[in-house]
Each structure stands twice: as C-alpha cells, then as structure tokens.
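Shown next: run22.pdb, containing PDB, C-alpha atoms.
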```
ATOM      1  CA  MET A   1      -6.200  15.159 -17.336
ATOM      2  CA  VAL A   2      -4.377  12.216 -18.862
ATOM      3  CA  SER A   3      -6.368   9.026 -18.678
ATOM      4  CA  LEU A   4      -5.577   5.451 -19.546
ATOM      5  CA  ARG A   5      -7.305   3.836 -22.458
ATOM      6  CA  ASN A   6      -8.799   0.405 -21.836
ATOM      7  CA  SER A   7      -6.582  -1.001 -24.576
ATOM      8  CA  GLU A   8      -3.406   0.154 -22.781
ATOM      9  CA  PHE A   9      -4.529  -1.546 -19.589
ATOM     10  CA  ALA A  10      -5.579  -4.715 -21.455
ATOM     11  CA  VAL A  11      -2.200  -4.936 -23.216
ATOM     12  CA  TYR A  12      -0.295  -4.424 -19.958
ATOM     13  CA  VAL A  13      -2.330  -6.930 -17.932
ATOM     14  CA  GLY A  14      -2.453  -9.318 -20.906
ATOM     15  CA  ARG A  15       1.298  -9.769 -20.612
ATOM     16  CA  ILE A  16       0.537 -12.150 -17.758
ATOM     17  CA  ARG A  17       0.095 -14.770 -20.516
ATOM     18  CA  GLU A  18       3.861 -14.515 -21.078
ATOM     19  CA  PHE A  19       4.658 -15.791 -17.555
ATOM     20  CA  ASP A  20       6.734 -18.924 -17.209
ATOM     21  CA  ARG A  21       6.727 -21.172 -14.133
ATOM     22  CA  THR A  22       9.275 -18.996 -12.280
ATOM     23  CA  ASP A  23       7.318 -15.826 -13.035
ATOM     24  CA  TRP A  24       4.130 -17.415 -11.670
ATOM     25  CA  PHE A  25       5.940 -18.560  -8.535
ATOM     26  CA  ILE A  26       7.379 -15.100  -7.866
ATOM     27  CA  TYR A  27       4.123 -13.341  -8.773
ATOM     28  CA  THR A  28       1.879 -15.516  -6.597
ATOM     29  CA  SER A  29       4.365 -15.424  -3.707
ATOM     30  CA  TRP A  30       4.650 -11.633  -3.766
ATOM     31  CA  VAL A  31       0.989 -10.854  -4.380
ATOM     32  CA  GLY A  32       0.010 -13.615  -1.940
ATOM     33  CA  LEU A  33       2.197 -12.086   0.768
ATOM     34  CA  MET A  34       0.523  -8.727   0.228
ATOM     35  CA  LEU A  35      -2.964 -10.241   0.234
ATOM     36  CA  GLY A  36      -2.021 -12.029   3.463
ATOM     37  CA  LEU A  37      -1.416  -8.598   4.981
ATOM     38  CA  VAL A  38      -4.806  -7.406   3.704
ATOM     39  CA  PHE A  39      -6.726 -10.418   5.013
ATOM     40  CA  SER A  40      -4.899 -10.670   8.336
ATOM     41  CA  THR A  41      -5.415  -7.008   9.216
ATOM     42  CA  ALA A  42      -8.987  -6.889   7.885
ATOM     43  CA  GLY A  43      -9.764 -10.211   9.569
ATOM     44  CA  PHE A  44      -8.420  -9.000  12.894
ATOM     45  CA  LEU A  45     -10.538  -5.864  12.727
ATOM     46  CA  ALA A  46     -13.613  -7.760  11.516
ATOM     47  CA  PHE A  47     -13.251 -10.275  14.355
ATOM     48  CA  GLY A  48     -13.034  -7.429  16.837
ATOM     49  CA  ASN A  49     -15.958  -5.629  15.242
ATOM     50  CA  ALA A  50     -18.057  -8.815  15.497
ATOM     51  CA  HIS A  51     -17.291  -8.827  19.236
ATOM     52  CA  ASP A  52     -18.302  -5.171  19.679
ATOM     53  CA  VAL A  53     -14.731  -3.887  19.857
ATOM     54  CA  GLN A  54     -14.395  -0.248  18.878
ATOM     55  CA  PHE A  55     -11.406   0.647  16.731
ATOM     56  CA  PRO A  56     -10.277   4.147  15.773
ATOM     57  CA  PRO A  57     -10.656   5.107  12.097
ATOM     58  CA  SER A  58      -6.870   4.903  11.701
ATOM     59  CA  ALA A  59      -6.998   1.140  12.321
ATOM     60  CA  TRP A  60      -9.300   0.664   9.329
ATOM     61  CA  LEU A  61      -6.835   2.569   7.138
ATOM     62  CA  VAL A  62      -4.384  -0.320   7.514
ATOM     63  CA  PRO A  63      -6.351  -2.926   5.496
ATOM     64  CA  PHE A  64      -7.758  -0.219   3.200
ATOM     65  CA  GLY A  65      -4.265   1.035   2.320
ATOM     66  CA  ALA A  66      -2.977  -2.538   2.099
ATOM     67  CA  THR A  67      -5.728  -3.333  -0.418
ATOM     68  CA  VAL A  68      -4.842  -0.383  -2.656
ATOM     69  CA  PHE A  69      -1.166  -1.309  -2.269
ATOM     70  CA  SER A  70      -1.792  -4.987  -3.127
ATOM     71  CA  VAL A  71      -3.954  -4.357  -6.199
ATOM     72  CA  SER A  72      -1.392  -1.869  -7.503
ATOM     73  CA  ILE A  73       1.470  -4.307  -6.869
ATOM     74  CA  ALA A  74      -0.455  -7.077  -8.643
ATOM     75  CA  ILE A  75      -0.683  -4.862 -11.738
ATOM     76  CA  ASP A  76       2.866  -3.481 -11.546
ATOM     77  CA  THR A  77       4.470  -6.892 -11.066
ATOM     78  CA  ILE A  78       3.085  -8.100 -14.400
ATOM     79  CA  GLY A  79       5.338  -5.616 -16.161
ATOM     80  CA  HIS A  80       8.238  -6.422 -13.857
ATOM     81  CA  ARG A  81       8.038 -10.111 -14.750
ATOM     82  CA  THR A  82       7.704  -9.477 -18.499
ATOM     83  CA  VAL A  83       8.600  -6.359 -20.459
ATOM     84  CA  TYR A  84      10.842  -4.782 -17.774
ATOM     85  CA  LYS A  85      12.401  -8.007 -16.472
ATOM     86  CA  ASP A  86      15.866  -7.428 -17.935
ATOM     87  CA  GLN A  87      16.002  -3.760 -16.884
ATOM     88  CA  ILE A  88      15.072  -4.629 -13.297
ATOM     89  CA  ARG A  89      17.775  -7.268 -12.800
ATOM     90  CA  GLY A  90      20.434  -4.698 -11.906
ATOM     91  CA  ALA A  91      20.303  -1.770  -9.523
ATOM     92  CA  GLU A  92      16.503  -1.506  -9.597
ATOM     93  CA  GLY A  93      16.193  -5.118  -8.452
ATOM     94  CA  LEU A  94      18.425  -4.336  -5.485
ATOM     95  CA  VAL A  95      16.286  -1.288  -4.667
ATOM     96  CA  HIS A  96      13.188  -3.515  -4.773
ATOM     97  CA  ALA A  97      14.817  -6.032  -2.409
ATOM     98  CA  ILE A  98      15.805  -3.300   0.058
ATOM     99  CA  THR A  99      12.327  -1.741  -0.115
ATOM    100  CA  ILE A 100      10.637  -5.104   0.523
ATOM    101  CA  PHE A 101      13.005  -5.958   3.390
ATOM    102  CA  CYS A 102      12.376  -2.589   5.051
ATOM    103  CA  GLY A 103       8.622  -2.682   4.400
ATOM    104  CA  VAL A 104       8.059  -6.198   5.730
ATOM    105  CA  GLY A 105      10.414  -5.530   8.634
ATOM    106  CA  SER A 106       8.533  -2.376   9.596
ATOM    107  CA  CYS A 107       5.220  -4.279   9.713
ATOM    108  CA  VAL A 108       6.696  -7.095  11.808
ATOM    109  CA  LEU A 109       8.280  -4.624  14.232
ATOM    110  CA  LEU A 110       5.069  -2.585  14.502
ATOM    111  CA  CYS A 111       3.292  -5.791  15.552
ATOM    112  CA  ALA A 112       6.072  -6.605  18.021
ATOM    113  CA  ALA A 113       5.798  -3.064  19.408
ATOM    114  CA  TYR A 114       2.352  -3.905  20.789
ATOM    115  CA  THR A 115       3.963  -5.874  23.636
ATOM    116  CA  ASN A 116       7.435  -4.283  23.603
ATOM    117  CA  ARG A 117       6.736  -0.674  22.691
ATOM    118  CA  ASP A 118       9.991   0.853  23.930
ATOM    119  CA  LEU A 119      12.168  -1.768  22.253
ATOM    120  CA  PHE A 120      10.585  -1.943  18.796
ATOM    121  CA  TRP A 121       9.008   1.380  17.870
ATOM    122  CA  ILE A 122      12.231   3.140  16.867
ATOM    123  CA  PRO A 123      13.516   0.334  14.602
ATOM    124  CA  ALA A 124       9.995   0.081  13.146
ATOM    125  CA  MET A 125       9.994   3.817  12.419
ATOM    126  CA  VAL A 126      13.453   3.658  10.828
ATOM    127  CA  LEU A 127      12.430   0.765   8.566
ATOM    128  CA  THR A 128       9.175   2.535   7.661
ATOM    129  CA  ALA A 129      11.101   5.657   6.654
ATOM    130  CA  LEU A 130      13.640   3.612   4.696
ATOM    131  CA  SER A 131      10.891   1.730   2.870
ATOM    132  CA  MET A 132       9.375   5.040   1.765
ATOM    133  CA  ILE A 133      12.763   6.511   0.819
ATOM    134  CA  TYR A 134      13.661   3.461  -1.261
ATOM    135  CA  SER A 135      10.188   3.548  -2.840
ATOM    136  CA  LEU A 136      11.027   7.056  -4.030
ATOM    137  CA  VAL A 137      14.420   5.880  -5.314
ATOM    138  CA  ASP A 138      12.517   3.201  -7.249
ATOM    139  CA  GLU A 139      10.274   5.920  -8.673
ATOM    140  CA  GLY A 140      13.375   7.525 -10.135
ATOM    141  CA  PHE A 141      14.067   4.342 -12.119
ATOM    142  CA  HIS A 142      10.477   4.183 -13.344
ATOM    143  CA  TRP A 143      10.326   7.825 -14.378
ATOM    144  CA  HIS A 144      13.658   7.508 -16.164
ATOM    145  CA  ARG A 145      12.235   4.557 -18.131
ATOM    146  CA  TYR A 146       9.084   6.515 -18.882
ATOM    147  CA  VAL A 147      10.965   9.611 -20.105
ATOM    148  CA  ILE A 148      13.095   7.555 -22.497
ATOM    149  CA  LYS A 149       9.879   5.879 -23.738
ATOM    150  CA  SER A 150      10.712   2.475 -22.233
ATOM    151  CA  ALA A 151       7.762   2.408 -19.835
ATOM    152  CA  ASP A 152       4.056   2.824 -20.306
ATOM    153  CA  ARG A 153       1.401   4.756 -18.455
ATOM    154  CA  VAL A 154      -0.122   1.691 -16.805
ATOM    155  CA  GLU A 155       3.116   1.085 -14.937
ATOM    156  CA  MET A 156       3.307   4.723 -13.914
ATOM    157  CA  TRP A 157      -0.295   4.806 -12.649
ATOM    158  CA  SER A 158       0.234   1.542 -10.768
ATOM    159  CA  HIS A 159       3.011   3.301  -8.884
ATOM    160  CA  VAL A 160       0.640   6.064  -7.865
ATOM    161  CA  GLY A 161      -1.470   3.316  -6.298
ATOM    162  CA  ILE A 162       1.558   1.694  -4.685
ATOM    163  CA  LEU A 163       2.715   4.926  -3.060
ATOM    164  CA  THR A 164      -0.815   5.916  -2.051
ATOM    165  CA  GLY A 165      -1.675   2.514  -0.589
ATOM    166  CA  HIS A 166       1.641   2.149   1.192
ATOM    167  CA  GLY A 167       1.430   5.662   2.598
ATOM    168  CA  VAL A 168      -2.170   5.338   3.806
ATOM    169  CA  MET A 169      -1.496   1.906   5.311
ATOM    170  CA  MET A 170       1.635   2.934   7.174
ATOM    171  CA  LEU A 171       0.442   6.337   8.354
ATOM    172  CA  GLY A 172      -2.792   4.740   9.563
ATOM    173  CA  TRP A 173      -0.807   2.023  11.344
ATOM    174  CA  TRP A 174       1.489   4.542  12.999
ATOM    175  CA  GLN A 175      -1.462   6.673  14.127
ATOM    176  CA  TRP A 176      -3.076   3.561  15.611
ATOM    177  CA  PHE A 177       0.209   2.691  17.336
ATOM    178  CA  PHE A 178       0.656   6.199  18.802
ATOM    179  CA  ASP A 179      -2.944   6.077  20.027
ATOM    180  CA  GLY A 180      -2.069   2.928  21.999
ATOM    181  CA  TYR A 181      -3.441   0.325  19.571
ATOM    182  CA  GLN A 182      -6.978   1.040  20.747
ATOM    183  CA  GLY A 183      -9.100  -2.118  20.537
ATOM    184  CA  VAL A 184      -6.275  -4.659  20.319
ATOM    185  CA  ALA A 185      -6.403  -5.654  24.001
ATOM    186  CA  ALA A 186     -10.164  -6.230  23.748
ATOM    187  CA  VAL A 187      -9.706  -8.490  20.704
ATOM    188  CA  MET A 188      -6.965 -10.466  22.438
ATOM    189  CA  GLN A 189      -9.341 -11.114  25.364
ATOM    190  CA  ASN A 190     -11.892 -12.581  22.931
ATOM    191  CA  LEU A 191      -9.463 -15.086  21.417
TER     192      LEU A 191
END
```
Render the structure in this file as structure tokens.
Amino acid sequence: MVSLRNSEFAVYVGRIREFDRTDWFIYTSWVGLMLGLVFSTAGFLAFGNAHDVQFPPSAWLVPFGATVFSVSIAIDTIGHRTVYKDQIRGAEGLVHAITIFCGVGSCVLLCAAYTNRDLFWIPAMVLTALSMIYSLVDEGFHWHRYVIKSADRVEMWSHVGILTGHGVMMLGWWQWFFDGYQGVAAVMQNL
C-alpha cells in the first residue's frame, strides 16, 4: 500500500503561506460554503435529535459525507490556489465551475423537493448526476497531471476524499429523500 509521508503532507499544506489576498478570499469563500453545508445539515439533525425526532441512518450520512468532502476540499484547494493555479485556469477551471454549479444546484433542489417533490426531484437528480460526471472529468485532469509528474500524491489522495465524501453525502441524501425525508416534518413542527 502506498502511503503519504508526513513531509509530503506538510509541504502541500504549507503552501497556504503562499496565498495572496485573492487566494484567501476564494479559499475561505469556498471552504466556508462547504462548512456551511456541514453545519446546517448537522445542526438540523442535532436540533431534531434534541427534540426526540428519529431520523433514518441515511440522514446522518449527509453531514458525515459533507464533512469528509469539506476537509478534502480544504486540502485540495491549497494546491489549486498555488502550485496548480496556472494549469487550472483553462479547461479544468471550467470543469470546476460546472461541477460546483451542478453540485450546489442539486442540494438546493433537493431541499426544494421537500415541499414540491414532483417538480424538483428530477432536476435535482439530473444535477446530482452531472456533478458526479464532471467530478470524474476533473479526475482525468488530475490523473493526467500526476502521470506527467506535475501533481503530487497529497492532491490525488484529497480527491479520493472528495469523491468519497460527495458520494456518501449525495447517496445518503437521496435515500433520505426517497424514504420521504423521515423526521423533517417533526423538526419543522418544533421550530
């Protein structure tokens, strides 16, 4: 098994010292958005749990997956804002924008589907699928960089976390949706 050395991780994460004001703005905005998803979903479930609301296990996969996703993005974005910045400005940057648009859109539409199930579930499913497809397209860019020795193992492992977290979060969310968002109505009554 190939493992990361602490020095590789320290070098990668240490690049955060190279950030300029724009890099910090983009980094904190992006990571902050993802942490907002973690805290809003975990907070919703914790509030319900404190009021004796029972949620299915799939509901808890949403903040769990979002946490793995967010930590992995926080690591990956350091490289994107430093060593890989110029390489990402072209086609890969467009792939990132499309992936983010589809991913955020799928989450918003899944929330909207609670009250308008028939209207929003299909567009939410389409955007979820597109976000995963474009994540895999992005992987092609990363693996190409890795093969030509322009990427390091920390970036590659962070993408394992990104795909794992995103997949767990979204599959958990969809399972919760298909099970009728068990527990949501009870939480809404306690607000």
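Neighbours of region 85-101 of chain A closer than or equal to 8 Å, with only C-alpha atoms counted and sequence neighbours fewer than 6 positions away skipped, come out as Gly79, Leu130, Ser131, Met132, Tyr134, Ser135, Val137, Asp138 and Phe141 of chain A.
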Worksheet entry | Who sits within 7 Å of Phe69 (chain A), all atoms listed in the file, same chain under 3 positions skipped, as JSON, numbers by chain | {"A": [65, 66, 72, 73, 161, 162, 165, 166]}
Fill in: Spatial neighbours of region 46-63 of chain A, max dist 7 Å, only C-alpha atoms, sep filter under 6 positions, as number ranges by chain
A: 38, 168-170, 172-173, 175-176, 182-183, 186-187
Dump of C-alpha atoms for the selected residues, as a tab-separated table (two decimals), in the coordinates of the input:
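Saved file again38.tsv follows:
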```tsv
chain	number	residue	atom	x	y	z
A	38	VAL	CA	-4.81	-7.41	3.70
A	168	VAL	CA	-2.17	5.34	3.81
A	169	MET	CA	-1.50	1.91	5.31
A	170	MET	CA	1.64	2.93	7.17
A	172	GLY	CA	-2.79	4.74	9.56
A	173	TRP	CA	-0.81	2.02	11.34
A	175	GLN	CA	-1.46	6.67	14.13
A	176	TRP	CA	-3.08	3.56	15.61
A	182	GLN	CA	-6.98	1.04	20.75
A	183	GLY	CA	-9.10	-2.12	20.54
A	186	ALA	CA	-10.16	-6.23	23.75
A	187	VAL	CA	-9.71	-8.49	20.70
```
Practice prompt. For CA of Gly105 (chain A) and CA of Tyr84 (chain A), quote the distance in Å rounded to one decimal.
Written response: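 For CA of Gly105 (chain A) relative to CA of Tyr84 (chain A), the distance reads 26.4 Å.
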Practice prompt. Have a look at A:Ile26, A:Gly36, A:Asn6, A:Trp121 and name the one nearest to Leu109 (chain A); count all atoms listed in the file.
Written response: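 Ranked by minimum distance to Leu109 (chain A), first place goes to A:Trp121.
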Practice prompt. Identify all residues satisfying the PyMOL selection byres ((chain A and resi 127) around 7) in the given file; provide them as a ChimeraX atom specification.
Written response: /A:102-103,105-106,123-126,128-131
Fill in: Using only C-alpha atoms: which of A:Asn116, A:Asp20, A:Leu45, A:Val83 has the shortest distance to Arg145 (chain A)
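Counting only C-alpha atoms, the residue closest to Arg145 (chain A) is A:Val83.
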Worksheet, complete the sentence: Among A:Cys107, A:Val147, A:Leu136, A:Met156, Phe9 (chain A) is approached most closely, using all atoms listed in the file, by A:Met156
Worksheet entry | Pairwise distance for CA of Tyr181 (chain A) and CA of Ala112 (chain A), rounded to one decimal in Å | 11.9 Å
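Atom pair CA of Gln189 (chain A) / CA of Gly32 (chain A): separated by 29.0 Å.
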Report as a PDB file with C-alpha atoms, keeping the file's coordinate frame the residues that result from applying the PyMOL selection byres ((chain A and resi 27) around 12) to the structure here.
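Printed below is out.pdb as written:
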```
ATOM      1  CA  ILE A  16       0.537 -12.150 -17.758  1.00  0.00           C
ATOM      2  CA  PHE A  19       4.658 -15.791 -17.555  1.00  0.00           C
ATOM      3  CA  ASP A  20       6.734 -18.924 -17.209  1.00  0.00           C
ATOM      4  CA  ARG A  21       6.727 -21.172 -14.133  1.00  0.00           C
ATOM      5  CA  THR A  22       9.275 -18.996 -12.280  1.00  0.00           C
ATOM      6  CA  ASP A  23       7.318 -15.826 -13.035  1.00  0.00           C
ATOM      7  CA  TRP A  24       4.130 -17.415 -11.670  1.00  0.00           C
ATOM      8  CA  PHE A  25       5.940 -18.560  -8.535  1.00  0.00           C
ATOM      9  CA  ILE A  26       7.379 -15.100  -7.866  1.00  0.00           C
ATOM     10  CA  THR A  28       1.879 -15.516  -6.597  1.00  0.00           C
ATOM     11  CA  SER A  29       4.365 -15.424  -3.707  1.00  0.00           C
ATOM     12  CA  TRP A  30       4.650 -11.633  -3.766  1.00  0.00           C
ATOM     13  CA  VAL A  31       0.989 -10.854  -4.380  1.00  0.00           C
ATOM     14  CA  GLY A  32       0.010 -13.615  -1.940  1.00  0.00           C
ATOM     15  CA  LEU A  33       2.197 -12.086   0.768  1.00  0.00           C
ATOM     16  CA  MET A  34       0.523  -8.727   0.228  1.00  0.00           C
ATOM     17  CA  LEU A  35      -2.964 -10.241   0.234  1.00  0.00           C
ATOM     18  CA  SER A  70      -1.792  -4.987  -3.127  1.00  0.00           C
ATOM     19  CA  ILE A  73       1.470  -4.307  -6.869  1.00  0.00           C
ATOM     20  CA  ALA A  74      -0.455  -7.077  -8.643  1.00  0.00           C
ATOM     21  CA  ILE A  75      -0.683  -4.862 -11.738  1.00  0.00           C
ATOM     22  CA  ASP A  76       2.866  -3.481 -11.546  1.00  0.00           C
ATOM     23  CA  THR A  77       4.470  -6.892 -11.066  1.00  0.00           C
ATOM     24  CA  ILE A  78       3.085  -8.100 -14.400  1.00  0.00           C
ATOM     25  CA  GLY A  79       5.338  -5.616 -16.161  1.00  0.00           C
ATOM     26  CA  HIS A  80       8.238  -6.422 -13.857  1.00  0.00           C
ATOM     27  CA  ARG A  81       8.038 -10.111 -14.750  1.00  0.00           C
ATOM     28  CA  THR A  82       7.704  -9.477 -18.499  1.00  0.00           C
TER      29      THR A  82
END
```
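Considering the residues A:Leu163, A:Val108, A:Ala113, A:Ala151 and counting only C-alpha atoms, Leu37 (chain A) has its shortest atom-to-atom contact with A:Val108.
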